[in-house]
file upload-v3.txt (compact mmCIF, C-alpha atoms)
# COMPACT_ATOMS: atom_id res chain seq x y z
CA MET Q 1 37.45 1.06 -45.95
CA ALA Q 2 38.22 -2.18 -44.14
CA LEU Q 3 35.86 -1.17 -41.35
CA LEU Q 4 33.09 -0.43 -43.86
CA LEU Q 5 33.57 -3.83 -45.50
CA ALA Q 6 33.47 -5.53 -42.10
CA PHE Q 7 30.23 -3.70 -41.19
CA SER Q 8 28.71 -4.68 -44.54
CA SER Q 9 29.64 -8.30 -43.89
CA VAL Q 10 27.88 -8.18 -40.54
CA LEU Q 11 24.74 -6.75 -42.17
CA LEU Q 12 24.83 -9.47 -44.82
CA LEU Q 13 24.97 -12.09 -42.09
CA VAL Q 14 22.29 -10.48 -39.92
CA GLY Q 15 20.00 -9.32 -42.71
CA PRO Q 16 18.71 -12.65 -44.05
CA ALA Q 17 17.95 -13.87 -40.54
CA LEU Q 18 15.93 -10.77 -39.80
CA ALA Q 19 14.19 -10.94 -43.16
CA GLN Q 20 12.65 -14.22 -41.97
CA SER Q 21 11.37 -12.61 -38.79
CA PRO Q 22 7.62 -11.99 -38.66
CA ASP Q 23 8.26 -8.76 -36.74
CA MET Q 24 10.65 -6.92 -39.07
CA SER Q 25 11.76 -7.49 -42.63
CA TYR Q 26 15.31 -6.80 -43.78
CA GLY Q 27 14.13 -3.61 -45.49
CA ASP Q 28 12.41 -2.41 -42.32
CA TYR Q 29 15.53 -3.31 -40.34
CA MET Q 30 17.74 -1.12 -42.53
CA ALA Q 31 15.18 1.71 -42.52
CA GLN Q 32 14.97 1.54 -38.74
CA LEU Q 33 18.73 1.88 -38.29
CA GLN Q 34 19.02 4.65 -40.86
CA ALA Q 35 16.23 6.64 -39.18
CA CYS Q 36 17.87 6.46 -35.75
CA PRO Q 37 17.98 9.99 -34.27
CA LYS Q 38 21.47 11.40 -34.06
CA GLU Q 39 20.97 12.02 -30.34
CA CYS Q 40 20.20 8.35 -29.65
CA ARG Q 41 21.61 4.85 -29.92
CA CYS Q 42 19.93 2.09 -31.95
CA PRO Q 43 21.85 -1.18 -31.47
CA PRO Q 44 21.89 -3.31 -34.65
CA SER Q 45 21.51 -6.40 -32.45
CA PHE Q 46 18.33 -4.96 -30.89
CA PRO Q 47 16.75 -2.89 -33.68
CA ASN Q 48 13.39 -2.43 -31.96
CA ALA Q 49 15.01 -0.43 -29.13
CA VAL Q 50 15.98 3.26 -29.21
CA TYR Q 51 18.13 4.61 -26.39
CA CYS Q 52 17.90 8.38 -25.87
CA ASP Q 53 18.54 8.41 -22.11
CA ASN Q 54 20.98 10.69 -20.26
CA LYS Q 55 21.38 13.11 -23.20
CA ALA Q 56 20.09 16.35 -21.62
CA LEU Q 57 17.36 16.39 -24.27
CA LYS Q 58 14.75 19.14 -24.03
CA ARG Q 59 12.47 17.62 -26.64
CA ILE Q 60 11.70 14.16 -27.97
CA PRO Q 61 13.42 13.55 -31.32
CA THR Q 62 11.64 11.91 -34.24
CA ILE Q 63 11.39 8.22 -33.36
CA PRO Q 64 11.66 5.53 -36.08
CA PRO Q 65 8.39 3.72 -36.89
CA HIS Q 66 9.49 0.20 -35.94
CA THR Q 67 10.46 1.11 -32.36
CA TRP Q 68 9.05 -1.09 -29.59
CA TYR Q 69 11.19 0.05 -26.66
CA LEU Q 70 11.96 3.74 -26.15
CA TYR Q 71 14.26 4.95 -23.38
CA LEU Q 72 14.07 8.69 -22.65
CA GLN Q 73 14.83 8.74 -18.93
CA ASN Q 74 17.13 11.27 -17.26
CA ASN Q 75 16.59 14.16 -19.65
CA LEU Q 76 15.13 17.67 -19.50
CA ILE Q 77 11.95 17.00 -21.51
CA ASP Q 78 9.03 19.16 -20.37
CA VAL Q 79 6.45 18.50 -23.10
CA LEU Q 80 4.93 15.32 -24.49
CA SER Q 81 3.29 16.51 -27.71
CA THR Q 82 0.98 14.75 -30.13
CA ASP Q 83 3.63 15.11 -32.83
CA ALA Q 84 6.51 13.72 -30.79
CA LEU Q 85 5.61 10.06 -31.28
CA ARG Q 86 3.29 10.25 -34.27
CA ASN Q 87 5.32 7.74 -36.32
CA ALA Q 88 6.13 5.32 -33.47
CA THR Q 89 2.74 3.63 -33.25
CA GLN Q 90 4.26 0.21 -32.52
CA LEU Q 91 5.65 1.24 -29.14
CA ARG Q 92 5.27 -1.30 -26.34
CA TRP Q 93 7.41 0.36 -23.69
CA ILE Q 94 8.22 4.03 -22.97
CA ASN Q 95 10.52 5.14 -20.16
CA LEU Q 96 10.18 8.87 -19.40
CA ASN Q 97 11.38 8.71 -15.80
CA ARG Q 98 13.22 11.69 -14.36
CA ASN Q 99 12.23 14.42 -16.78
CA ARG Q 100 10.31 17.69 -16.29
CA ILE Q 101 6.98 16.86 -17.84
CA THR Q 102 4.03 18.73 -16.33
CA SER Q 103 0.32 18.03 -16.72
CA GLU Q 104 0.13 21.15 -18.88
CA GLY Q 105 2.93 19.71 -21.01
CA MET Q 106 0.97 16.48 -21.62
CA GLU Q 107 -0.92 17.32 -24.79
CA GLU Q 108 -4.32 15.67 -25.05
CA GLY Q 109 -4.10 12.46 -27.02
CA ALA Q 110 -0.30 12.40 -27.07
CA LEU Q 111 -0.33 8.64 -26.47
CA ALA Q 112 -3.75 7.77 -27.89
CA ALA Q 113 -2.31 6.29 -31.10
CA MET Q 114 -0.05 3.88 -29.19
CA LEU Q 115 -2.47 0.96 -29.47
CA ARG Q 116 0.18 -1.59 -28.47
CA LEU Q 117 1.68 0.29 -25.53
CA VAL Q 118 1.96 -1.96 -22.45
CA HIS Q 119 4.37 -0.17 -20.08
CA LEU Q 120 4.46 3.58 -19.40
CA TYR Q 121 7.07 4.89 -16.96
CA MET Q 122 6.75 8.53 -15.86
CA ASP Q 123 8.23 8.47 -12.35
CA ASP Q 124 9.97 11.59 -11.07
CA ASN Q 125 8.32 14.19 -13.28
CA LEU Q 126 6.17 17.23 -12.42
CA LEU Q 127 2.68 15.89 -13.12
CA SER Q 128 -0.16 17.27 -10.98
CA SER Q 129 -2.83 14.93 -12.35
CA VAL Q 130 -3.01 11.41 -13.77
CA PRO Q 131 -2.71 11.75 -17.59
CA ALA Q 132 -5.89 11.28 -19.63
CA ASN Q 133 -6.53 9.45 -22.90
CA LEU Q 134 -4.14 6.60 -22.22
CA PRO Q 135 -4.21 3.66 -24.67
CA SER Q 136 -6.47 0.73 -23.74
CA SER Q 137 -3.56 -1.70 -24.21
CA LEU Q 138 -1.74 -0.35 -21.14
CA GLU Q 139 -0.90 -2.91 -18.44
CA GLN Q 140 1.52 -1.03 -16.17
CA LEU Q 141 1.46 2.67 -15.32
CA ARG Q 142 4.17 4.12 -13.08
CA LEU Q 143 3.68 7.70 -11.85
CA SER Q 144 5.61 7.70 -8.57
CA ARG Q 145 7.21 10.83 -7.12
CA ASN Q 146 5.31 13.42 -9.11
CA ARG Q 147 3.04 16.12 -7.65
CA ILE Q 148 -0.23 14.35 -8.36
CA SER Q 149 -3.14 15.52 -6.21
CA LYS Q 150 -5.96 14.64 -8.60
CA ILE Q 151 -7.26 11.52 -10.31
CA PRO Q 152 -9.89 12.83 -12.75
CA ALA Q 153 -13.16 10.90 -12.95
CA GLY Q 154 -13.11 8.55 -15.91
CA VAL Q 155 -9.37 8.81 -16.49
CA PHE Q 156 -9.04 5.01 -16.26
CA SER Q 157 -12.10 4.27 -18.37
CA GLY Q 158 -11.36 1.48 -20.83
CA LEU Q 159 -8.11 0.46 -19.11
CA ASP Q 160 -9.31 -2.98 -18.11
CA ARG Q 161 -5.96 -4.56 -19.02
CA MET Q 162 -4.03 -2.60 -16.43
CA THR Q 163 -2.64 -4.75 -13.63
CA LEU Q 164 -0.18 -2.37 -11.92
CA LEU Q 165 -0.60 1.27 -10.84
CA GLU Q 166 2.25 3.05 -9.04
CA LEU Q 167 1.31 6.37 -7.39
CA GLN Q 168 3.63 6.50 -4.40
CA GLY Q 169 5.29 9.74 -3.36
CA ASN Q 170 2.56 12.08 -4.60
CA LYS Q 171 0.09 14.47 -2.90
CA LEU Q 172 -3.07 12.40 -2.96
CA GLN Q 173 -5.59 13.02 -0.18
CA ASP Q 174 -8.58 10.94 0.87
CA ASP Q 175 -11.05 12.60 -1.50
CA ALA Q 176 -8.82 11.92 -4.51
CA VAL Q 177 -8.86 8.11 -4.24
CA THR Q 178 -12.45 6.99 -4.68
CA GLU Q 179 -14.55 4.42 -6.50
CA VAL Q 180 -15.37 7.05 -9.11
CA SER Q 181 -11.74 8.02 -9.75
CA LEU Q 182 -10.59 4.40 -10.04
CA LYS Q 183 -13.49 3.19 -12.17
CA GLY Q 184 -12.32 1.16 -15.14
CA LEU Q 185 -9.48 -0.72 -13.43
CA SER Q 186 -11.38 -3.99 -13.34
CA ASN Q 187 -8.28 -6.22 -13.44
CA LEU Q 188 -5.86 -4.24 -11.27
CA VAL Q 189 -3.62 -6.50 -9.16
CA GLN Q 190 -1.19 -4.08 -7.48
CA ILE Q 191 -1.67 -0.48 -6.37
CA ASN Q 192 0.97 1.54 -4.56
CA LEU Q 193 -0.31 4.59 -2.67
CA ALA Q 194 2.59 4.87 -0.22
CA LYS Q 195 3.98 8.28 0.78
CA ASN Q 196 0.85 10.30 0.04
CA GLN Q 197 -1.41 12.29 2.37
CA LEU Q 198 -4.07 9.69 3.20
CA THR Q 199 -5.67 9.67 6.66
CA THR Q 200 -8.21 6.90 5.96
CA MET Q 201 -8.15 3.63 4.07
CA PRO Q 202 -8.87 4.33 0.39
CA LEU Q 203 -12.38 3.42 -0.74
CA GLY Q 204 -13.55 1.89 -3.98
CA LEU Q 205 -10.45 -0.16 -4.77
CA PRO Q 206 -10.99 -2.87 -7.40
CA ILE Q 207 -11.90 -6.26 -5.90
CA THR Q 208 -9.07 -7.83 -7.92
CA ILE Q 209 -6.34 -6.19 -5.80
CA THR Q 210 -3.85 -8.67 -4.30
CA GLN Q 211 -1.06 -6.22 -3.37
CA LEU Q 212 -1.97 -3.04 -1.49
CA PHE Q 213 0.81 -0.68 -0.39
CA LEU Q 214 -0.12 2.21 1.93
CA ASP Q 215 3.14 2.88 3.80
CA ASN Q 216 4.07 6.37 5.01
CA ASN Q 217 0.62 7.92 5.20
CA ALA Q 218 -1.31 9.14 8.27
CA ILE Q 219 -3.91 6.36 8.52
CA GLU Q 220 -5.30 5.90 12.04
CA LYS Q 221 -8.05 3.33 11.59
CA ILE Q 222 -9.19 0.42 9.44
CA PRO Q 223 -13.00 -0.05 9.23
CA ALA Q 224 -14.14 -3.43 10.56
CA ASP Q 225 -15.54 -4.64 7.25
CA TYR Q 226 -12.97 -2.95 5.01
CA PHE Q 227 -11.52 -6.12 3.49
CA LYS Q 228 -14.88 -7.68 2.67
CA GLY Q 229 -14.66 -5.71 -0.55
CA LEU Q 230 -11.08 -6.87 -1.20
CA PRO Q 231 -11.25 -10.67 -0.93
CA LYS Q 232 -7.97 -11.32 -2.79
CA VAL Q 233 -5.53 -9.18 -0.81
CA ALA Q 234 -2.41 -11.26 -0.14
CA PHE Q 235 0.22 -8.57 0.54
CA LEU Q 236 -0.72 -5.61 2.73
CA ARG Q 237 1.76 -2.90 3.75
CA LEU Q 238 0.75 -0.27 6.31
CA ASN Q 239 4.18 0.59 7.69
CA ARG Q 240 4.77 4.07 9.09
CA ASN Q 241 1.18 5.16 9.69
CA LYS Q 242 -0.61 6.15 12.92
CA LEU Q 243 -2.35 2.90 13.74
CA GLY Q 244 -3.00 2.13 17.40
CA ASN Q 245 -4.86 -0.75 19.04
CA GLY Q 246 -8.16 1.12 18.78
CA GLY Q 247 -7.72 1.51 15.05
CA LEU Q 248 -7.66 -2.24 14.44
CA PRO Q 249 -11.01 -4.02 15.03
CA LYS Q 250 -10.52 -7.51 16.49
CA ASN Q 251 -11.05 -9.55 13.33
CA VAL Q 252 -10.19 -6.94 10.71
CA PHE Q 253 -7.45 -9.15 9.23
CA ASN Q 254 -9.54 -12.32 9.23
CA MET Q 255 -8.95 -13.05 5.54
CA SER Q 256 -8.08 -16.40 4.03
CA SER Q 257 -6.12 -14.71 1.23
CA ILE Q 258 -3.57 -12.72 3.22
CA LEU Q 259 0.00 -14.02 3.34
CA ASP Q 260 2.14 -11.00 4.26
CA LEU Q 261 1.09 -8.26 6.73
CA GLN Q 262 3.35 -5.31 7.52
CA LEU Q 263 2.48 -2.94 10.38
CA SER Q 264 5.96 -1.69 11.30
CA HIS Q 265 6.52 1.79 12.76
CA ASN Q 266 3.01 2.36 14.09
CA GLN Q 267 1.62 2.89 17.61
CA LEU Q 268 0.52 -0.61 18.55
CA THR Q 269 0.92 -1.86 22.12
CA GLN Q 270 -0.57 -5.30 21.43
CA VAL Q 271 -0.17 -7.93 18.76
CA PRO Q 272 -3.34 -7.91 16.61
CA MET Q 273 -5.37 -11.01 15.86
CA ILE Q 274 -4.11 -12.72 12.73
CA PRO Q 275 -5.58 -15.37 10.42
CA SER Q 276 -4.20 -18.90 10.43
CA GLY Q 277 -3.00 -18.61 6.81
CA LEU Q 278 -0.70 -15.63 7.41
CA GLU Q 279 2.96 -16.46 6.72
CA HIS Q 280 4.86 -13.20 7.39
CA LEU Q 281 4.07 -10.62 10.09
CA HIS Q 282 6.05 -7.38 10.56
CA LEU Q 283 5.38 -5.59 13.87
CA ASP Q 284 8.78 -4.04 14.50
CA HIS Q 285 9.12 -0.53 15.93
CA ASN Q 286 5.80 -0.27 17.71
CA GLN Q 287 5.19 -0.05 21.48
CA ILE Q 288 4.48 -3.71 22.19
CA LYS Q 289 5.58 -4.83 25.65
CA SER Q 290 4.65 -8.50 25.68
CA VAL Q 291 3.34 -11.29 23.48
CA ASN Q 292 0.76 -13.78 24.73
CA GLY Q 293 0.60 -16.74 22.37
CA SER Q 294 -2.73 -17.92 23.78
CA ASP Q 295 -4.41 -14.58 23.05
CA ILE Q 296 -3.26 -14.24 19.46
CA CYS Q 297 -3.35 -17.89 18.38
CA PRO Q 298 -5.84 -18.16 15.49
CA VAL Q 299 -6.84 -21.74 16.39
CA SER Q 300 -8.28 -23.15 19.60
CA ALA Q 301 -6.34 -25.05 22.23
CA ASP Q 302 -8.33 -28.18 21.34
CA ALA Q 303 -7.23 -27.86 17.73
CA LEU Q 304 -3.63 -27.62 18.83
CA GLU Q 305 -3.96 -30.87 20.76
CA GLY Q 306 -4.79 -32.70 17.56
CA TYR Q 307 -2.01 -30.90 15.71
CA VAL Q 308 -1.58 -31.65 12.03
CA THR Q 309 0.52 -29.62 9.64
CA GLU Q 310 -2.31 -29.01 7.16
CA THR Q 311 -4.51 -27.18 9.69
CA ALA Q 312 -1.80 -25.52 11.77
CA PRO Q 313 -1.22 -21.73 11.67
CA LYS Q 314 1.14 -20.98 8.76
CA LEU Q 315 3.16 -18.15 10.35
CA ARG Q 316 6.83 -18.60 9.45
CA TYR Q 317 8.38 -15.16 9.99
CA LEU Q 318 7.73 -12.68 12.82
CA ARG Q 319 9.44 -9.32 13.44
CA LEU Q 320 9.13 -7.77 16.89
CA ASP Q 321 12.37 -5.80 17.13
CA GLY Q 322 12.13 -2.14 18.09
CA ASN Q 323 9.46 -2.89 20.71
CA GLU Q 324 9.73 -3.53 24.44
CA VAL Q 325 9.52 -7.30 24.08
CA LYS Q 326 12.40 -9.11 25.75
CA PRO Q 327 13.67 -12.68 25.34
CA PRO Q 328 12.96 -15.49 25.94
CA ILE Q 329 10.28 -16.27 23.39
CA PRO Q 330 7.07 -17.32 25.17
CA ARG Q 331 6.46 -21.06 25.05
CA ASP Q 332 2.77 -20.67 24.22
CA LEU Q 333 3.77 -18.67 21.13
CA MET Q 334 5.87 -21.53 19.86
CA MET Q 335 3.20 -24.07 20.74
CA CYS Q 336 0.72 -22.24 18.54
CA PHE Q 337 2.94 -21.21 15.63
CA ARG Q 338 4.90 -24.41 15.19
CA LEU Q 339 5.98 -23.56 11.65
CA LEU Q 340 7.85 -20.44 12.79
CA ARG Q 341 11.38 -20.43 11.39
CA SER Q 342 12.48 -16.91 12.22
CA ILE Q 343 11.59 -14.50 15.04
CA VAL Q 344 13.38 -11.16 15.28
CA ILE Q 345 13.25 -9.56 18.75

call {"tool": "encode", "arguments": {"input": "upload-v3.txt", "output": "structure tokens"}}
result
Amino acid sequence: MALLLAFSSVLLLVGPALAQSPDMSYGDYMAQLQACPKECRCPPSFPNAVYCDNKALKRIPTIPPHTWYLYLQNNLIDVLSTDALRNATQLRWINLNRNRITSEGMEEGALAAMLRLVHLYMDDNLLSSVPANLPSSLEQLRLSRNRISKIPAGVFSGLDRMTLLELQGNKLQDDAVTEVSLKGLSNLVQINLAKNQLTTMPLGLPITITQLFLDNNAIEKIPADYFKGLPKVAFLRLNRNKLGNGGLPKNVFNMSSILDLQLSHNQLTQVPMIPSGLEHLHLDHNQIKSVNGSDICPVSADALEGYVTETAPKLRYLRLDGNEVKPPIPRDLMMCFRLLRSIVI
């Protein structure tokens, strides 16, 4: 009885404050807590969140209507039905990581009514295709470590708010990642295609991309004009591919936007030409035997004579460990890259 009175006192204290909230009235607050599924947790201090994670659930329980954040990760769910979330139309965030949902188990339109959904997490499921009929409000879609081999044409149509797409650890081949399959992602900033089955640089990426991750594929060559269609790329990761000297045209990285370039664990025997604005360069675990600062310096010797910080090459971090390069560091390298603060050999 004492415990009940104490709980009632807490509600009396919390209730009026919530009643003044534009997001949830006191009546909605009480209804939300009372409708909490018995399999889940609904913290009174965070009434918009429903925690149903790590419960060995095989189906999605009925979710209260004022839920914004829904945590369903680490369960045994294999179907996402149209009825499962029919009342929870205010959802902003759904975490379905580490379940058993297949593409066949994704009923058409299961998420179509979620007009406020911003984040959808479905890593570590059994999807074979990117889900269709996603809400236009979506900004981040995470589908890593599924079995995705297909991106249906038009699947991203209307998703012009999406800024992040995670597809690493799937079974995507070159013909799956095309301008047609990615059409609609007109504001995408980051795409992760690492650990797939790509042998060529993906075509048709949105021009808005600033972060491109292609690690752990089998890419052997970058076309000379590839980055002319990606003028905003600042972070490029191509670690653990099959890139040799012949696969890198001389000025392929001549981009004013690029800040971080990672080419670790490839088959390079020479340091590639880099732009003067590059700040971080990862070349560890290749087959490089020597580094000639004069050959790779992005500015002329005359420019170095009139050295000023504003026009000097911006390289600050260089990794060369795992190659055949031996100390000491060549003097001409330091003369060119005078802002270098860390070199790993």

call {"tool": "closest_residue", "arguments": {"input": "upload-v3.txt", "among": "Q:Val118, Q:Leu248, Q:Ile101, Q:Val177", "to": "Pro135 (chain Q)", "atoms": "only C-alpha atoms"}}
result
Q:Val118

call {"tool": "closest_residue", "arguments": {"input": "upload-v3.txt", "among": "Q:Ile148, Q:Leu205, Q:Leu182, Q:Leu261", "to": "His282 (chain Q)", "atoms": "all atoms listed in the file"}}
result
Q:Leu261

call {"tool": "atom_distance", "arguments": {"input": "upload-v3.txt", "atom1": "CA of Met114 (chain Q)", "atom2": "CA of Ala194 (chain Q)"}}
result
29.1 Å

call {"tool": "atom_distance", "arguments": {"input": "upload-v3.txt", "atom1": "CA of Gln190 (chain Q)", "atom2": "CA of Asn74 (chain Q)"}}
result
25.8 Å

call {"tool": "closest_residue", "arguments": {"input": "upload-v3.txt", "among": "Q:Leu320, Q:Val50, Q:Pro275, Q:Lys38", "to": "Ile288 (chain Q)", "atoms": "all atoms listed in the file"}}
result
Q:Leu320

call {"tool": "atom_distance", "arguments": {"input": "upload-v3.txt", "atom1": "CA of Ser103 (chain Q)", "atom2": "CA of Ala218 (chain Q)"}}
result
26.6 Å

call {"tool": "closest_residue", "arguments": {"input": "upload-v3.txt", "among": "Q:Val189, Q:Ala113, Q:Met122, Q:Cys336", "to": "Arg100 (chain Q)", "atoms": "only C-alpha atoms"}}
result
Q:Met122

call {"tool": "closest_residue", "arguments": {"input": "upload-v3.txt", "among": "Q:Ala31, Q:Leu172, Q:Leu243, Q:Leu318", "to": "Asn286 (chain Q)", "atoms": "all atoms listed in the file"}}
result
Q:Leu243

call {"tool": "closest_residue", "arguments": {"input": "upload-v3.txt", "among": "Q:Arg341, Q:Met30, Q:Ser45, Q:Leu80", "to": "Pro64 (chain Q)", "atoms": "all atoms listed in the file"}}
result
Q:Met30

call {"tool": "decode", "arguments": {"input": "upload-v3.txt", "residues": "region 241-250 of chain Q", "atoms": "all heavy atoms", "output": "PDB file, in the first residue's frame"}}
result
ATOM      1  N   ASN Q 241      41.384  -3.982 -50.958  1.00  0.00           N
ATOM      2  CA  ASN Q 241      40.924  -4.281 -52.307  1.00  0.00           C
ATOM      3  C   ASN Q 241      42.097  -4.876 -53.085  1.00  0.00           C
ATOM      4  O   ASN Q 241      43.008  -5.452 -52.482  1.00  0.00           O
ATOM      5  CB  ASN Q 241      40.351  -3.026 -52.966  1.00  0.00           C
ATOM      6  CG  ASN Q 241      38.904  -2.786 -52.564  1.00  0.00           C
ATOM      7  OD1 ASN Q 241      37.999  -3.409 -53.092  1.00  0.00           O
ATOM      8  ND2 ASN Q 241      38.687  -1.892 -51.600  1.00  0.00           N
ATOM      9  N   LYS Q 242      42.091  -4.753 -54.394  1.00  0.00           N
ATOM     10  CA  LYS Q 242      43.153  -5.321 -55.227  1.00  0.00           C
ATOM     11  C   LYS Q 242      43.785  -4.249 -56.108  1.00  0.00           C
ATOM     12  O   LYS Q 242      44.144  -4.488 -57.254  1.00  0.00           O
ATOM     13  CB  LYS Q 242      42.596  -6.455 -56.087  1.00  0.00           C
ATOM     14  CG  LYS Q 242      42.076  -7.636 -55.280  1.00  0.00           C
ATOM     15  CD  LYS Q 242      41.574  -8.760 -56.178  1.00  0.00           C
ATOM     16  CE  LYS Q 242      41.091  -9.949 -55.370  1.00  0.00           C
ATOM     17  NZ  LYS Q 242      40.626 -11.071 -56.236  1.00  0.00           N
ATOM     18  N   LEU Q 243      43.930  -3.071 -55.554  1.00  0.00           N
ATOM     19  CA  LEU Q 243      44.449  -1.940 -56.311  1.00  0.00           C
ATOM     20  C   LEU Q 243      45.973  -1.980 -56.412  1.00  0.00           C
ATOM     21  O   LEU Q 243      46.675  -2.047 -55.396  1.00  0.00           O
ATOM     22  CB  LEU Q 243      44.020  -0.629 -55.646  1.00  0.00           C
ATOM     23  CG  LEU Q 243      42.524  -0.306 -55.711  1.00  0.00           C
ATOM     24  CD1 LEU Q 243      42.177   0.823 -54.737  1.00  0.00           C
ATOM     25  CD2 LEU Q 243      42.120   0.062 -57.134  1.00  0.00           C
ATOM     26  N   GLY Q 244      46.471  -1.940 -57.656  1.00  0.00           N
ATOM     27  CA  GLY Q 244      47.892  -1.819 -57.911  1.00  0.00           C
ATOM     28  C   GLY Q 244      48.176  -0.475 -58.555  1.00  0.00           C
ATOM     29  O   GLY Q 244      47.268   0.332 -58.785  1.00  0.00           O
ATOM     30  N   ASN Q 245      49.448  -0.207 -58.861  1.00  0.00           N
ATOM     31  CA  ASN Q 245      49.804   1.081 -59.465  1.00  0.00           C
ATOM     32  C   ASN Q 245      49.023   1.334 -60.749  1.00  0.00           C
ATOM     33  O   ASN Q 245      48.577   2.452 -61.007  1.00  0.00           O
ATOM     34  CB  ASN Q 245      51.307   1.127 -59.759  1.00  0.00           C
ATOM     35  CG  ASN Q 245      52.138   0.967 -58.504  1.00  0.00           C
ATOM     36  OD1 ASN Q 245      51.685   1.289 -57.414  1.00  0.00           O
ATOM     37  ND2 ASN Q 245      53.347   0.447 -58.645  1.00  0.00           N
ATOM     38  N   GLY Q 246      48.866   0.302 -61.577  1.00  0.00           N
ATOM     39  CA  GLY Q 246      48.178   0.458 -62.847  1.00  0.00           C
ATOM     40  C   GLY Q 246      46.701   0.759 -62.709  1.00  0.00           C
ATOM     41  O   GLY Q 246      46.070   1.216 -63.669  1.00  0.00           O
ATOM     42  N   GLY Q 247      46.153   0.516 -61.544  1.00  0.00           N
ATOM     43  CA  GLY Q 247      44.738   0.766 -61.321  1.00  0.00           C
ATOM     44  C   GLY Q 247      44.431   2.169 -60.830  1.00  0.00           C
ATOM     45  O   GLY Q 247      43.263   2.509 -60.634  1.00  0.00           O
ATOM     46  N   LEU Q 248      45.503   2.974 -60.643  1.00  0.00           N
ATOM     47  CA  LEU Q 248      45.326   4.339 -60.165  1.00  0.00           C
ATOM     48  C   LEU Q 248      45.904   5.322 -61.180  1.00  0.00           C
ATOM     49  O   LEU Q 248      47.104   5.576 -61.191  1.00  0.00           O
ATOM     50  CB  LEU Q 248      46.017   4.541 -58.812  1.00  0.00           C
ATOM     51  CG  LEU Q 248      45.549   3.666 -57.642  1.00  0.00           C
ATOM     52  CD1 LEU Q 248      46.317   4.024 -56.380  1.00  0.00           C
ATOM     53  CD2 LEU Q 248      44.049   3.822 -57.413  1.00  0.00           C
ATOM     54  N   PRO Q 249      45.091   5.897 -62.062  1.00  0.00           N
ATOM     55  CA  PRO Q 249      45.575   6.922 -62.993  1.00  0.00           C
ATOM     56  C   PRO Q 249      46.251   8.062 -62.230  1.00  0.00           C
ATOM     57  O   PRO Q 249      45.896   8.351 -61.075  1.00  0.00           O
ATOM     58  CB  PRO Q 249      44.305   7.387 -63.701  1.00  0.00           C
ATOM     59  CG  PRO Q 249      43.381   6.218 -63.599  1.00  0.00           C
ATOM     60  CD  PRO Q 249      43.670   5.586 -62.272  1.00  0.00           C
ATOM     61  N   LYS Q 250      47.191   8.727 -62.869  1.00  0.00           N
ATOM     62  CA  LYS Q 250      48.085   9.668 -62.191  1.00  0.00           C
ATOM     63  C   LYS Q 250      47.358  10.697 -61.337  1.00  0.00           C
ATOM     64  O   LYS Q 250      47.726  10.943 -60.189  1.00  0.00           O
ATOM     65  CB  LYS Q 250      48.967  10.369 -63.222  1.00  0.00           C
ATOM     66  CG  LYS Q 250      49.995  11.313 -62.605  1.00  0.00           C
ATOM     67  CD  LYS Q 250      50.897  11.917 -63.655  1.00  0.00           C
ATOM     68  CE  LYS Q 250      51.922  12.844 -63.019  1.00  0.00           C
ATOM     69  NZ  LYS Q 250      52.824  13.457 -64.051  1.00  0.00           N
TER      70      LYS Q 250
END
